[in-house]
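entry37.csv (CSV, C-alpha atoms)
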chain,number,residue,atom,x,y,z
F,1360,MET,CA,-5.8,-29.1,-5.1
F,1361,GLU,CA,-3.1,-27.0,-3.6
F,1362,PHE,CA,-1.2,-27.1,-6.9
F,1363,ALA,CA,-4.3,-26.1,-8.9
F,1364,LYS,CA,-4.6,-23.0,-6.7
F,1365,LEU,CA,-1.0,-22.0,-7.3
F,1366,PHE,CA,-1.3,-22.6,-11.0
F,1367,GLU,CA,-4.4,-20.3,-11.0
F,1368,ILE,CA,-2.4,-17.6,-9.2
F,1369,ILE,CA,0.3,-17.8,-11.8
F,1370,ILE,CA,-2.0,-17.6,-14.7
F,1371,ALA,CA,-4.0,-14.8,-13.1
F,1372,ALA,CA,-1.0,-12.7,-12.2
F,1373,SER,CA,0.8,-13.1,-15.5
F,1374,LEU,CA,-2.0,-13.0,-18.1
F,1375,ILE,CA,-5.4,-11.9,-16.7
F,1376,ASN,CA,-4.3,-9.3,-14.3
F,1377,ASN,CA,-1.1,-8.5,-16.2
F,1378,PHE,CA,0.6,-5.7,-14.3
F,1379,VAL,CA,1.3,-3.5,-17.4
F,1380,PHE,CA,-1.8,-4.1,-19.4
F,1381,THR,CA,-4.6,-4.4,-16.9
F,1382,ARG,CA,-3.3,-2.9,-13.7
F,1383,PHE,CA,-1.2,-0.1,-15.3
F,1384,LEU,CA,1.8,-0.3,-13.0
F,1385,GLY,CA,5.4,0.0,-13.8
F,1386,LEU,CA,4.7,2.1,-16.9
F,1387,CYS,CA,7.7,4.4,-16.5
F,1388,ILE,CA,10.1,1.5,-16.7
F,1389,PHE,CA,8.0,-0.2,-19.3
F,1390,PHE,CA,8.3,2.7,-21.7
F,1391,GLY,CA,11.8,3.4,-20.6
F,1392,VAL,CA,13.5,0.1,-21.2
F,1393,SER,CA,11.4,-1.4,-24.0
F,1394,ARG,CA,13.4,0.2,-26.8
F,1395,LYS,CA,15.8,-2.7,-27.3
F,1396,MET,CA,15.3,-6.4,-26.9
F,1397,GLU,CA,18.5,-6.9,-25.0
F,1398,THR,CA,17.7,-4.4,-22.3
F,1399,ALA,CA,14.2,-5.7,-22.1
F,1400,VAL,CA,15.5,-9.3,-21.4
F,1401,GLY,CA,18.0,-8.1,-18.8
F,1402,MET,CA,15.4,-6.0,-17.1
F,1403,SER,CA,12.9,-8.9,-16.9
F,1404,ILE,CA,15.4,-11.2,-15.3
F,1405,THR,CA,16.6,-8.7,-12.7
F,1406,PHE,CA,13.0,-7.7,-12.1
F,1407,THR,CA,11.6,-11.1,-11.4
F,1408,SER,CA,14.4,-12.2,-9.1
F,1409,VAL,CA,14.3,-8.9,-7.1
F,1410,MET,CA,10.5,-9.1,-6.9
F,1411,MET,CA,10.5,-12.7,-5.6
F,1412,ILE,CA,13.1,-12.1,-2.9
F,1413,SER,CA,11.7,-8.8,-1.7
F,1414,SER,CA,8.1,-10.2,-1.5
F,1415,ALA,CA,9.4,-13.2,0.5
F,1416,LEU,CA,11.2,-10.7,2.9
F,1417,SER,CA,8.2,-8.5,3.2
F,1418,TRP,CA,5.9,-11.5,3.9
F,1419,LEU,CA,8.2,-12.6,6.8
F,1420,VAL,CA,8.3,-9.1,8.2
F,1421,PHE,CA,4.5,-8.6,7.7
F,1422,ASN,CA,3.4,-11.8,9.3
F,1423,TYR,CA,6.0,-12.2,12.1
F,1424,ILE,CA,6.7,-8.6,13.1
F,1425,MET,CA,3.9,-6.3,11.9
F,1426,LEU,CA,0.8,-8.4,12.6
F,1427,PRO,CA,1.8,-9.4,16.2
F,1428,LEU,CA,2.7,-5.8,17.0
F,1429,ASP,CA,-0.4,-4.5,15.3
F,1430,ILE,CA,1.5,-1.9,13.2
F,1431,THR,CA,0.1,-2.8,9.8
F,1432,PHE,CA,-0.7,0.8,9.1
F,1433,LEU,CA,3.0,1.4,8.7
F,1434,LYS,CA,3.2,-1.1,5.8
F,1435,ILE,CA,4.0,1.5,3.1
F,1436,ILE,CA,7.0,2.8,5.0
F,1437,ILE,CA,8.3,-0.6,6.0
F,1438,PHE,CA,7.9,-2.3,2.6
F,1439,ILE,CA,9.6,0.5,0.8
F,1440,GLY,CA,12.4,0.3,3.4
F,1441,ILE,CA,12.7,-3.4,2.7
F,1442,VAL,CA,12.8,-3.1,-1.0
F,1443,ALA,CA,15.2,-0.2,-1.1
F,1444,GLY,CA,17.5,-1.8,1.5
F,1445,PHE,CA,17.5,-5.1,-0.4
F,1446,VAL,CA,18.2,-3.5,-3.7
F,1447,GLN,CA,21.1,-1.5,-2.3
F,1448,ALA,CA,22.5,-4.6,-0.6
F,1449,SER,CA,22.3,-6.7,-3.7
F,1450,ASP,CA,23.9,-3.9,-5.7
F,1451,THR,CA,26.9,-4.0,-3.3
F,1452,VAL,CA,27.1,-7.8,-3.2
F,1453,MET,CA,26.8,-8.2,-6.9
F,1454,ARG,CA,29.6,-5.6,-7.5
F,1455,LYS,CA,31.9,-7.6,-5.3
F,1456,VAL,CA,31.0,-11.2,-6.2
F,1457,SER,CA,30.3,-11.1,-9.9
F,1458,PRO,CA,31.4,-7.9,-11.6
F,1459,GLY,CA,30.4,-9.4,-15.0
F,1460,LEU,CA,26.8,-9.8,-14.0
F,1461,TYR,CA,26.9,-6.4,-12.3
F,1462,TYR,CA,28.2,-4.8,-15.5
F,1463,LYS,CA,25.2,-6.3,-17.4
F,1464,LEU,CA,22.4,-5.9,-14.9
F,1465,GLY,CA,23.6,-3.2,-12.5
F,1466,ILE,CA,21.9,-0.3,-14.1
F,1467,TYR,CA,18.5,-2.0,-13.9
F,1468,LEU,CA,19.0,-2.6,-10.2
F,1469,ALA,CA,19.3,1.2,-9.7
F,1470,LEU,CA,16.2,1.8,-11.6
F,1471,ILE,CA,14.2,-0.8,-9.8
F,1472,SER,CA,14.3,0.6,-6.3
F,1473,THR,CA,11.6,3.2,-7.0
F,1474,ASN,CA,9.4,1.0,-9.1
F,1475,CYS,CA,5.8,0.7,-8.4
F,1476,ILE,CA,5.4,-3.0,-9.2
F,1477,ILE,CA,8.1,-4.1,-6.8
F,1478,LEU,CA,6.2,-2.2,-4.1
F,1479,ALA,CA,2.8,-3.3,-5.3
F,1480,VAL,CA,3.4,-7.0,-5.0
F,1481,PRO,CA,4.1,-7.0,-1.3
F,1482,LEU,CA,1.2,-4.6,-0.8
F,1483,ILE,CA,-1.2,-6.9,-2.7
F,1484,ASN,CA,0.2,-10.0,-0.9
F,1485,ALA,CA,-0.5,-8.3,2.4
F,1486,GLY,CA,-4.0,-7.2,1.3
F,1487,GLU,CA,-5.0,-10.6,0.0
F,1488,ARG,CA,-3.4,-12.4,3.0
F,1489,TYR,CA,-1.6,-14.9,0.8
F,1490,SER,CA,0.4,-17.7,2.4
F,1491,PHE,CA,4.1,-17.7,2.0
F,1492,ILE,CA,4.1,-20.1,-1.0
F,1493,GLU,CA,1.2,-18.2,-2.6
F,1494,SER,CA,3.1,-14.9,-2.2
F,1495,LEU,CA,6.2,-16.3,-3.9
F,1496,VAL,CA,4.1,-17.8,-6.7
F,1497,PHE,CA,2.2,-14.5,-7.1
F,1498,ALA,CA,5.5,-12.6,-7.4
F,1499,LEU,CA,6.8,-15.1,-9.9
F,1500,GLY,CA,3.6,-14.8,-12.0
F,1501,SER,CA,3.8,-11.0,-11.9
F,1502,GLY,CA,7.4,-11.2,-13.0
F,1503,ILE,CA,6.5,-13.5,-15.9
F,1504,GLY,CA,3.7,-11.1,-16.9
F,1505,PHE,CA,6.0,-8.1,-16.9
F,1506,ALA,CA,8.6,-10.1,-18.9
F,1507,ILE,CA,6.0,-11.0,-21.5
F,1508,ALA,CA,4.9,-7.4,-21.7
F,1509,LEU,CA,8.4,-6.0,-22.1
F,1510,ILE,CA,9.4,-8.6,-24.7
F,1511,ILE,CA,6.3,-8.1,-26.8
F,1512,MET,CA,6.8,-4.3,-26.6
F,1513,ALA,CA,10.5,-4.4,-27.4
F,1514,SER,CA,10.0,-6.5,-30.5
F,1515,ILE,CA,7.3,-4.1,-31.7
F,1516,ARG,CA,9.4,-1.0,-31.0
F,1517,GLU,CA,12.4,-2.3,-32.8
F,1518,LYS,CA,10.2,-2.5,-35.9
F,1519,LEU,CA,8.6,0.8,-35.1
F,1520,GLU,CA,11.9,2.6,-35.4
F,1521,LEU,CA,11.7,2.1,-39.1
F,1522,ALA,CA,8.1,3.2,-39.5
F,1523,ASP,CA,7.1,6.6,-40.7
F,1524,VAL,CA,5.2,7.9,-37.8
F,1525,PRO,CA,3.7,11.5,-37.9
F,1526,LYS,CA,6.1,13.8,-36.2
F,1527,PRO,CA,4.1,14.9,-33.1
F,1528,PHE,CA,3.5,11.2,-32.3
F,1529,ARG,CA,7.1,10.0,-32.4
F,1530,GLY,CA,8.5,8.5,-29.3
F,1531,THR,CA,6.3,8.1,-26.3
F,1532,PRO,CA,2.8,8.9,-27.8
F,1533,ILE,CA,3.0,6.2,-30.4
F,1534,ALA,CA,4.3,3.7,-27.8
F,1535,PHE,CA,1.2,4.5,-25.8
F,1536,ILE,CA,-1.1,3.7,-28.7
F,1537,VAL,CA,0.7,0.5,-29.5
F,1538,THR,CA,0.4,-0.5,-25.8
F,1539,GLY,CA,-3.3,0.3,-26.0
F,1540,LEU,CA,-3.7,-2.2,-28.9
F,1541,ILE,CA,-1.8,-4.9,-27.0
F,1542,ALA,CA,-3.9,-4.2,-23.9
F,1543,LEU,CA,-7.0,-4.6,-26.1
F,1544,ALA,CA,-5.8,-8.1,-27.0
F,1545,PHE,CA,-5.0,-8.9,-23.4
F,1546,THR,CA,-8.6,-8.1,-22.4
F,1547,GLY,CA,-9.4,-11.4,-24.2
F,1548,PHE,CA,-7.8,-13.3,-21.3
F,1549,SER,CA,-10.3,-11.9,-18.8
F,1550,GLY,CA,-12.7,-14.6,-17.6
F,1551,LEU,CA,-10.2,-17.4,-18.3
F,1552,ILE,CA,-10.3,-18.3,-14.7
F,1553,LYS,CA,-12.9,-17.4,-12.1
F,1554,LEU,CA,-11.1,-16.4,-8.8
A,1026,MET,CA,15.9,39.9,-5.7
A,1027,GLU,CA,13.1,41.1,-3.4
A,1028,GLN,CA,11.2,42.8,-6.2
A,1029,THR,CA,11.3,39.9,-8.6
A,1030,GLY,CA,10.1,37.5,-5.8
A,1031,ALA,CA,6.4,37.6,-6.8
A,1032,ILE,CA,7.1,37.0,-10.4
A,1033,ASN,CA,9.4,34.1,-9.6
A,1034,TYR,CA,6.7,32.4,-7.7
A,1035,ILE,CA,4.3,32.6,-10.6
A,1036,ASP,CA,7.0,31.4,-13.0
A,1037,LEU,CA,7.6,28.4,-10.7
A,1038,ILE,CA,3.9,27.5,-10.8
A,1039,LYS,CA,3.8,28.0,-14.6
A,1040,ASN,CA,6.9,25.9,-15.0
A,1041,GLY,CA,5.2,23.0,-13.2
A,1042,ILE,CA,2.0,23.2,-15.2
A,1043,PHE,CA,3.3,23.8,-18.7
A,1044,LYS,CA,7.0,23.5,-19.3
A,1045,GLU,CA,7.7,20.5,-17.1
A,1046,ASN,CA,4.3,18.9,-16.9
A,1047,THR,CA,4.9,15.6,-15.3
A,1048,ILE,CA,2.8,13.5,-17.6
A,1049,PHE,CA,2.7,15.2,-21.0
A,1050,LYS,CA,6.2,16.6,-21.1
A,1051,LEU,CA,8.4,14.4,-18.8
A,1052,ALA,CA,6.4,11.2,-19.2
A,1053,LEU,CA,6.9,10.3,-15.6
A,1054,SER,CA,4.4,8.8,-13.1
A,1055,LEU,CA,2.3,7.4,-15.8
A,1056,CYS,CA,0.6,4.6,-13.9
A,1057,PRO,CA,-2.2,6.5,-12.2
A,1058,SER,CA,-2.7,8.7,-15.4
A,1059,ILE,CA,-4.3,5.6,-16.9
A,1060,ALA,CA,-5.4,3.6,-14.0
A,1061,VAL,CA,-7.7,6.1,-12.2
A,1062,THR,CA,-8.8,8.3,-15.1
A,1063,ASN,CA,-11.9,6.5,-16.3
A,1064,ASN,CA,-14.1,9.1,-14.6
A,1065,LEU,CA,-13.5,12.7,-13.7
A,1066,ARG,CA,-14.1,12.4,-10.0
A,1067,ASN,CA,-11.4,9.8,-9.4
A,1068,GLY,CA,-9.0,11.7,-11.6
A,1069,VAL,CA,-9.4,14.9,-9.7
A,1070,LEU,CA,-9.2,13.2,-6.3
A,1071,MET,CA,-6.0,11.5,-7.3
A,1072,GLY,CA,-4.6,14.8,-8.6
A,1073,ILE,CA,-5.4,16.5,-5.3
A,1074,ALA,CA,-3.8,13.6,-3.3
A,1075,VAL,CA,-0.6,14.0,-5.4
A,1076,LEU,CA,-0.7,17.8,-5.0
A,1077,PHE,CA,-1.0,17.5,-1.3
A,1078,VAL,CA,1.9,15.0,-1.0
A,1079,GLN,CA,4.1,17.0,-3.3
A,1080,VAL,CA,3.6,20.2,-1.4
A,1081,MET,CA,4.1,18.6,2.0
A,1082,VAL,CA,7.2,16.7,0.9
A,1083,ASN,CA,8.7,19.9,-0.5
A,1084,ILE,CA,8.1,22.0,2.6
A,1085,THR,CA,9.3,19.2,4.9
A,1086,VAL,CA,12.5,18.6,2.9
A,1087,SER,CA,13.4,22.2,2.4
A,1088,PRO,CA,13.9,23.3,6.1
A,1089,MET,CA,15.8,20.1,6.8
A,1090,ARG,CA,18.1,20.3,3.9
A,1091,LYS,CA,21.1,21.5,5.9
A,1092,PHE,CA,20.8,18.7,8.5
A,1093,ILE,CA,20.6,15.8,6.0
A,1094,HIS,CA,23.9,14.3,5.2
A,1095,PRO,CA,24.2,14.0,1.4
A,1096,ARG,CA,25.1,10.3,1.5
A,1097,ILE,CA,21.8,9.2,3.2
A,1098,ARG,CA,19.6,11.8,1.6
A,1099,LEU,CA,17.7,9.4,-0.7
A,1100,PRO,CA,16.5,7.1,2.1
A,1101,ILE,CA,15.5,10.1,4.2
A,1102,PHE,CA,13.5,11.5,1.3
A,1103,MET,CA,11.8,8.2,0.8
A,1104,LEU,CA,11.0,8.1,4.5
A,1105,ILE,CA,9.4,11.6,4.4
A,1106,ILE,CA,7.5,10.8,1.2
A,1107,SER,CA,6.1,7.5,2.6
A,1108,GLY,CA,5.1,9.2,5.8
A,1109,TRP,CA,3.0,11.8,4.0
A,1110,VAL,CA,1.6,9.1,1.7
A,1111,THR,CA,0.5,7.2,4.7
A,1112,VAL,CA,-1.3,10.3,6.0
A,1113,THR,CA,-3.0,10.8,2.6
A,1114,ASP,CA,-3.9,7.1,2.4
A,1115,MET,CA,-5.6,7.0,5.9
A,1116,THR,CA,-7.4,10.4,5.3
A,1117,MET,CA,-8.8,9.1,1.9
A,1118,ALA,CA,-9.9,5.8,3.5
A,1119,ALA,CA,-11.7,7.8,6.2
A,1120,PHE,CA,-13.4,10.5,4.2
A,1121,ALA,CA,-13.9,9.0,0.7
A,1122,PRO,CA,-14.4,5.3,1.3
A,1123,ASP,CA,-16.1,4.7,-2.1
A,1124,ALA,CA,-13.4,6.2,-4.2
A,1125,TYR,CA,-10.7,4.6,-1.9
A,1126,LYS,CA,-12.1,1.2,-2.7
A,1127,GLN,CA,-11.4,1.7,-6.4
A,1128,MET,CA,-8.0,3.5,-6.2
A,1129,GLY,CA,-6.6,2.6,-2.8
A,1130,LEU,CA,-3.6,0.7,-4.2
A,1131,TYR,CA,-2.7,3.6,-6.5
A,1132,ILE,CA,-2.8,6.1,-3.6
A,1133,GLN,CA,-0.4,3.9,-1.7
A,1134,LEU,CA,1.8,3.7,-4.7
A,1135,ILE,CA,2.3,7.5,-4.8
A,1136,VAL,CA,5.4,6.6,-2.7
A,1137,ALA,CA,7.0,5.3,-5.9
A,1138,PHE,CA,6.4,8.4,-7.9
A,1139,ALA,CA,9.6,9.4,-9.6
A,1140,SER,CA,8.3,12.9,-10.0
A,1141,ILE,CA,7.9,13.6,-6.2
A,1142,LEU,CA,11.4,12.2,-5.4
A,1143,ALA,CA,12.9,14.1,-8.3
A,1144,ARG,CA,11.4,17.4,-7.1
A,1145,ALA,CA,12.6,16.8,-3.5
A,1146,GLU,CA,16.1,16.0,-4.8
A,1147,MET,CA,16.4,18.6,-7.5
A,1148,PHE,CA,14.5,21.5,-6.0
A,1149,ALA,CA,13.5,21.4,-2.4
A,1150,SER,CA,16.9,20.1,-1.2
A,1151,LYS,CA,18.6,23.2,-2.7
A,1152,ASN,CA,16.1,26.0,-2.1
A,1153,LYS,CA,14.4,27.9,0.7
A,1154,ILE,CA,11.0,27.0,2.0
A,1155,MET,CA,8.9,29.5,0.1
A,1156,PRO,CA,10.2,28.7,-3.4
A,1157,SER,CA,9.9,25.0,-2.5
A,1158,LEU,CA,6.3,25.5,-1.5
A,1159,PHE,CA,5.5,27.2,-4.8
A,1160,ASP,CA,7.4,24.6,-6.8
A,1161,GLY,CA,5.4,21.9,-5.1
A,1162,ILE,CA,2.2,23.7,-5.9
A,1163,GLY,CA,3.2,24.1,-9.5
A,1164,MET,CA,4.2,20.5,-10.0
A,1165,GLY,CA,1.1,19.3,-8.2
A,1166,LEU,CA,-1.2,21.5,-10.2
A,1167,GLY,CA,0.4,20.3,-13.4
A,1168,PHE,CA,-0.3,16.8,-12.4
A,1169,LEU,CA,-3.9,17.6,-11.4
A,1170,PHE,CA,-4.4,19.5,-14.7
A,1171,ALA,CA,-3.1,16.5,-16.7
A,1172,LEU,CA,-5.2,14.0,-14.8
A,1173,SER,CA,-8.3,16.2,-15.1
A,1174,ILE,CA,-7.9,16.6,-18.9
A,1175,ILE,CA,-7.4,12.9,-19.4
A,1176,SER,CA,-10.3,11.9,-17.3
A,1177,LEU,CA,-12.6,14.6,-18.7
A,1178,PHE,CA,-11.8,13.3,-22.2
A,1179,ARG,CA,-12.3,9.7,-21.3
A,1180,GLU,CA,-15.5,10.1,-19.3
A,1181,LEU,CA,-17.1,12.5,-21.7
A,1182,LEU,CA,-16.5,10.4,-24.7
A,1183,GLY,CA,-16.6,7.0,-23.0
A,1184,LYS,CA,-19.7,7.4,-20.9
A,1185,GLY,CA,-21.2,10.6,-22.2
A,1186,SER,CA,-21.2,12.0,-18.7
A,1187,LEU,CA,-19.3,14.4,-16.5
A,1188,TRP,CA,-18.7,13.9,-12.8
A,1189,GLY,CA,-21.5,11.2,-12.9
A,1190,TYR,CA,-24.1,13.4,-14.6
A,1191,GLN,CA,-25.3,12.3,-18.0
A,1192,ILE,CA,-24.6,15.0,-20.6
A,1193,ILE,CA,-24.5,13.4,-24.1
A,1194,HIS,CA,-27.5,11.2,-24.8
A,1195,ALA,CA,-26.1,9.1,-27.5
A,1196,LYS,CA,-24.3,5.8,-27.7
A,1197,PRO,CA,-20.9,6.5,-26.2
A,1198,LEU,CA,-17.5,5.2,-27.4
A,1199,LEU,CA,-17.2,2.4,-24.8
A,1200,ILE,CA,-13.6,1.7,-25.7
A,1201,LEU,CA,-12.4,4.8,-23.9
A,1202,VAL,CA,-13.5,3.7,-20.5
A,1203,LEU,CA,-12.0,0.2,-21.0
A,1204,PRO,CA,-8.5,-0.3,-19.7
A,1205,ALA,CA,-7.0,-0.2,-23.2
A,1206,GLY,CA,-8.7,3.1,-23.9
A,1207,GLY,CA,-6.6,4.8,-21.3
A,1208,PHE,CA,-3.5,4.2,-23.3
A,1209,PHE,CA,-5.2,5.5,-26.5
A,1210,ALA,CA,-6.4,8.6,-24.6
A,1211,VAL,CA,-3.0,9.4,-23.2
A,1212,GLY,CA,-1.2,8.7,-26.4
A,1213,LEU,CA,-3.6,10.9,-28.4
A,1214,LEU,CA,-3.5,13.8,-25.9
A,1215,MET,CA,0.4,13.6,-25.7
A,1216,GLY,CA,0.5,13.8,-29.5
A,1217,PHE,CA,-1.9,16.7,-29.5
A,1218,PHE,CA,0.2,18.7,-27.0
A,1219,ASN,CA,3.4,17.9,-28.9
A,1220,TRP,CA,1.7,19.2,-32.1
A,1221,MET,CA,0.5,22.3,-30.3
A,1222,SER,CA,4.0,23.1,-29.0
A,1223,MET,CA,5.6,22.4,-32.4
A,1224,ARG,CA,3.1,24.8,-34.0
A,1225,GLY,CA,3.8,27.4,-31.4
A,1226,GLU,CA,7.6,27.1,-32.0
A,1227,LYS,CA,7.1,27.4,-35.7
A,1228,ASN,CA,5.0,30.5,-35.4
A,1229,GLY,CA,7.3,32.0,-32.8
A,1230,HIS,CA,10.4,31.7,-35.0
A,1231,VAL,CA,8.9,32.9,-38.3
Kindly return the structure encoded in the file as structure tokens.
Amino acid sequence: MEFAKLFEIIIAASLINNFVFTRFLGLCIFFGVSRKMETAVGMSITFTSVMMISSALSWLVFNYIMLPLDITFLKIIIFIGIVAGFVQASDTVMRKVSPGLYYKLGIYLALISTNCIILAVPLINAGERYSFIESLVFALGSGIGFAIALIIMASIREKLELADVPKPFRGTPIAFIVTGLIALAFTGFSGLIKL
Amino acid sequence: MEQTGAINYIDLIKNGIFKENTIFKLALSLCPSIAVTNNLRNGVLMGIAVLFVQVMVNITVSPMRKFIHPRIRLPIFMLIISGWVTVTDMTMAAFAPDAYKQMGLYIQLIVAFASILARAEMFASKNKIMPSLFDGIGMGLGFLFALSIISLFRELLGKGSLWGYQIIHAKPLLILVLPAGGFFAVGLLMGFFNWMSMRGEKNGHV
């Protein structure tokens, strides 16, 4: 029973309510890093791990500090503080502990701190009053969804480089139209699970 | 300097609306441009919310620029932005509850707008309060303008109505109000504006 609920959350977060295609969040990063497959994969890995840890931290703060003190109206300020602080901290730690990994993923970390998905996940968790495990699973599902979107998009855009696109549409406009087509395909997932 | 003041302010506003239009030219802060633009009312409300936050952030950052140590400026800016977003969020929830139900999450996520932080960093932290005010107005109006155009296009063609009033009595192009249609609409409009500016350049040079 419990497991089924968690599975539902993962499927819903990654496919049905895919952050990029149905909730339209994180588009700046989505269009920014989906030019090459390698960057797309690196971004997805960094993204999912940061998202899971920061949503766990936010859940703890929200449920053990903000709810008892009745200061939930400050959630935007506090969550962005948590995310930015955590990103900054992991940046510093990673640089010291594993320079190789930092060299590969460091630039994505800097981009992440002002990303809307990272902030949206704790906000949605707080809004839906998910339990701790549910919050983690939701973050994982969202990360998987974002990774799917990035990897699909990167593989299309690598081909798109060779295509003869009308001049005014080169770059971002054609990427938007391609995304629209993928989003159309993703509407097929709606109704897969009734929540 | 004094004489050119008035012209400069107008230039600042124009710069925000046309030359550095957040959505069509810089391609930043794209999330709400698709998420809330399936009808004109939501698009305009979102635009006004962003305009308000941008102006308030600019005029808060500008007088404080000499007291903020450069090392910690980004966290301080984030703090100021999230403070003003919280104000907007609570105001919207109180005065426009229906619209807030549909776009509450996106209002809260104004915090993560690259464009607002970028203006605070690039302009307001280096300029006096009056230019910062007008820069904020310009950038905010540019955003409002972009959102209005996108939502006008989508609501008119997708539902045949404007601001909720039925105008075209024919079968609408339903795809434009679907989530996927937002991407098409923004892509087409971006291409259109690029085409316009390319044509303008060509005519200007020849």
*Considering all atoms listed in the file, return as a list in words whatever protein or nucleic-acid residues lie within 9 Å of segment 1092-1100 of chain A, sequence-local ones (same chain, fewer than 5 positions apart) excluded.*
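Everything that qualifies: Gly1440, Ala1443 and Gly1444 of chain F; Ile1105, Leu1142 and Glu1146 of chain A.
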*May I have the protein, DNA and RNA residues with any atom at most 6 Å from the point (5.2, -8.1, 3.1), counting only C-alpha atoms, written as a PyMOL selection string?*
chain F and resi 1414+1417-1418+1421+1481+1485
I need the residues from that last selection saved to file as a PDB file, in the frame of the given file (with C-alpha atoms), if you can.
ATOM      1  CA  SER F1414       8.100 -10.200  -1.500  1.00  0.00           C
ATOM      2  CA  SER F1417       8.200  -8.500   3.200  1.00  0.00           C
ATOM      3  CA  TRP F1418       5.900 -11.500   3.900  1.00  0.00           C
ATOM      4  CA  PHE F1421       4.500  -8.600   7.700  1.00  0.00           C
ATOM      5  CA  PRO F1481       4.100  -7.000  -1.300  1.00  0.00           C
ATOM      6  CA  ALA F1485      -0.500  -8.300   2.400  1.00  0.00           C
TER       7      ALA F1485
END
*May I have the residues within 9 Å of segment 1121-1127 of chain A as number ranges by chain, using all atoms listed in the file and disregarding those fewer than 5 positions away in the same chain?*
A: 1061, 1066-1067, 1070, 1114, 1116, 1132
*Could you jot down the atom CA of Asn1377 of chain F to atom CA of Leu1540 of chain F separation for me, Å, one decimal place?*
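Going from atom CA of Asn1377 of chain F over to atom CA of Leu1540 of chain F, I get 14.4 Å.
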*atom CA of Leu1037 of chain A to atom CA of Phe1138 of chain A: how many Å, to one decimal?*
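Value for the atom CA of Leu1037 of chain A-atom CA of Phe1138 of chain A distance: 20.2 Å.
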Can you put N, CA and C atoms back into segment 1144-1155 of chain A and show it as a PDB file, in the frame of the given file?
ATOM      1  N   ARG A1144      11.580  16.020  -7.511  1.00  0.00           N
ATOM      2  CA  ARG A1144      11.400  17.400  -7.100  1.00  0.00           C
ATOM      3  C   ARG A1144      12.105  17.640  -5.748  1.00  0.00           C
ATOM      4  N   ALA A1145      11.972  16.664  -4.838  1.00  0.00           N
ATOM      5  CA  ALA A1145      12.600  16.800  -3.500  1.00  0.00           C
ATOM      6  C   ALA A1145      14.127  16.897  -3.718  1.00  0.00           C
ATOM      7  N   GLU A1146      14.647  16.056  -4.618  1.00  0.00           N
ATOM      8  CA  GLU A1146      16.100  16.000  -4.800  1.00  0.00           C
ATOM      9  C   GLU A1146      16.599  17.210  -5.592  1.00  0.00           C
ATOM     10  N   MET A1147      15.877  17.584  -6.660  1.00  0.00           N
ATOM     11  CA  MET A1147      16.400  18.600  -7.500  1.00  0.00           C
ATOM     12  C   MET A1147      16.070  20.025  -7.048  1.00  0.00           C
ATOM     13  N   PHE A1148      14.922  20.184  -6.390  1.00  0.00           N
ATOM     14  CA  PHE A1148      14.500  21.500  -6.000  1.00  0.00           C
ATOM     15  C   PHE A1148      14.529  21.795  -4.528  1.00  0.00           C
ATOM     16  N   ALA A1149      13.732  21.022  -3.803  1.00  0.00           N
ATOM     17  CA  ALA A1149      13.500  21.400  -2.400  1.00  0.00           C
ATOM     18  C   ALA A1149      14.800  21.227  -1.569  1.00  0.00           C
ATOM     19  N   SER A1150      15.710  20.301  -1.980  1.00  0.00           N
ATOM     20  CA  SER A1150      16.900  20.100  -1.200  1.00  0.00           C
ATOM     21  C   SER A1150      17.943  21.223  -1.470  1.00  0.00           C
ATOM     22  N   LYS A1151      17.624  22.128  -2.403  1.00  0.00           N
ATOM     23  CA  LYS A1151      18.600  23.200  -2.700  1.00  0.00           C
ATOM     24  C   LYS A1151      18.000  24.576  -2.492  1.00  0.00           C
ATOM     25  N   ASN A1152      16.700  24.674  -2.211  1.00  0.00           N
ATOM     26  CA  ASN A1152      16.100  26.000  -2.100  1.00  0.00           C
ATOM     27  C   ASN A1152      15.416  26.218  -0.781  1.00  0.00           C
ATOM     28  N   LYS A1153      15.099  27.519  -0.543  1.00  0.00           N
ATOM     29  CA  LYS A1153      14.400  27.900   0.700  1.00  0.00           C
ATOM     30  C   LYS A1153      12.997  27.415   0.696  1.00  0.00           C
ATOM     31  N   ILE A1154      12.340  27.605   1.832  1.00  0.00           N
ATOM     32  CA  ILE A1154      11.000  27.000   2.000  1.00  0.00           C
ATOM     33  C   ILE A1154       9.955  27.598   1.086  1.00  0.00           C
ATOM     34  N   MET A1155       9.989  28.935   0.877  1.00  0.00           N
ATOM     35  CA  MET A1155       8.900  29.500   0.100  1.00  0.00           C
ATOM     36  C   MET A1155       8.996  29.090  -1.405  1.00  0.00           C
TER      37      MET A1155
END
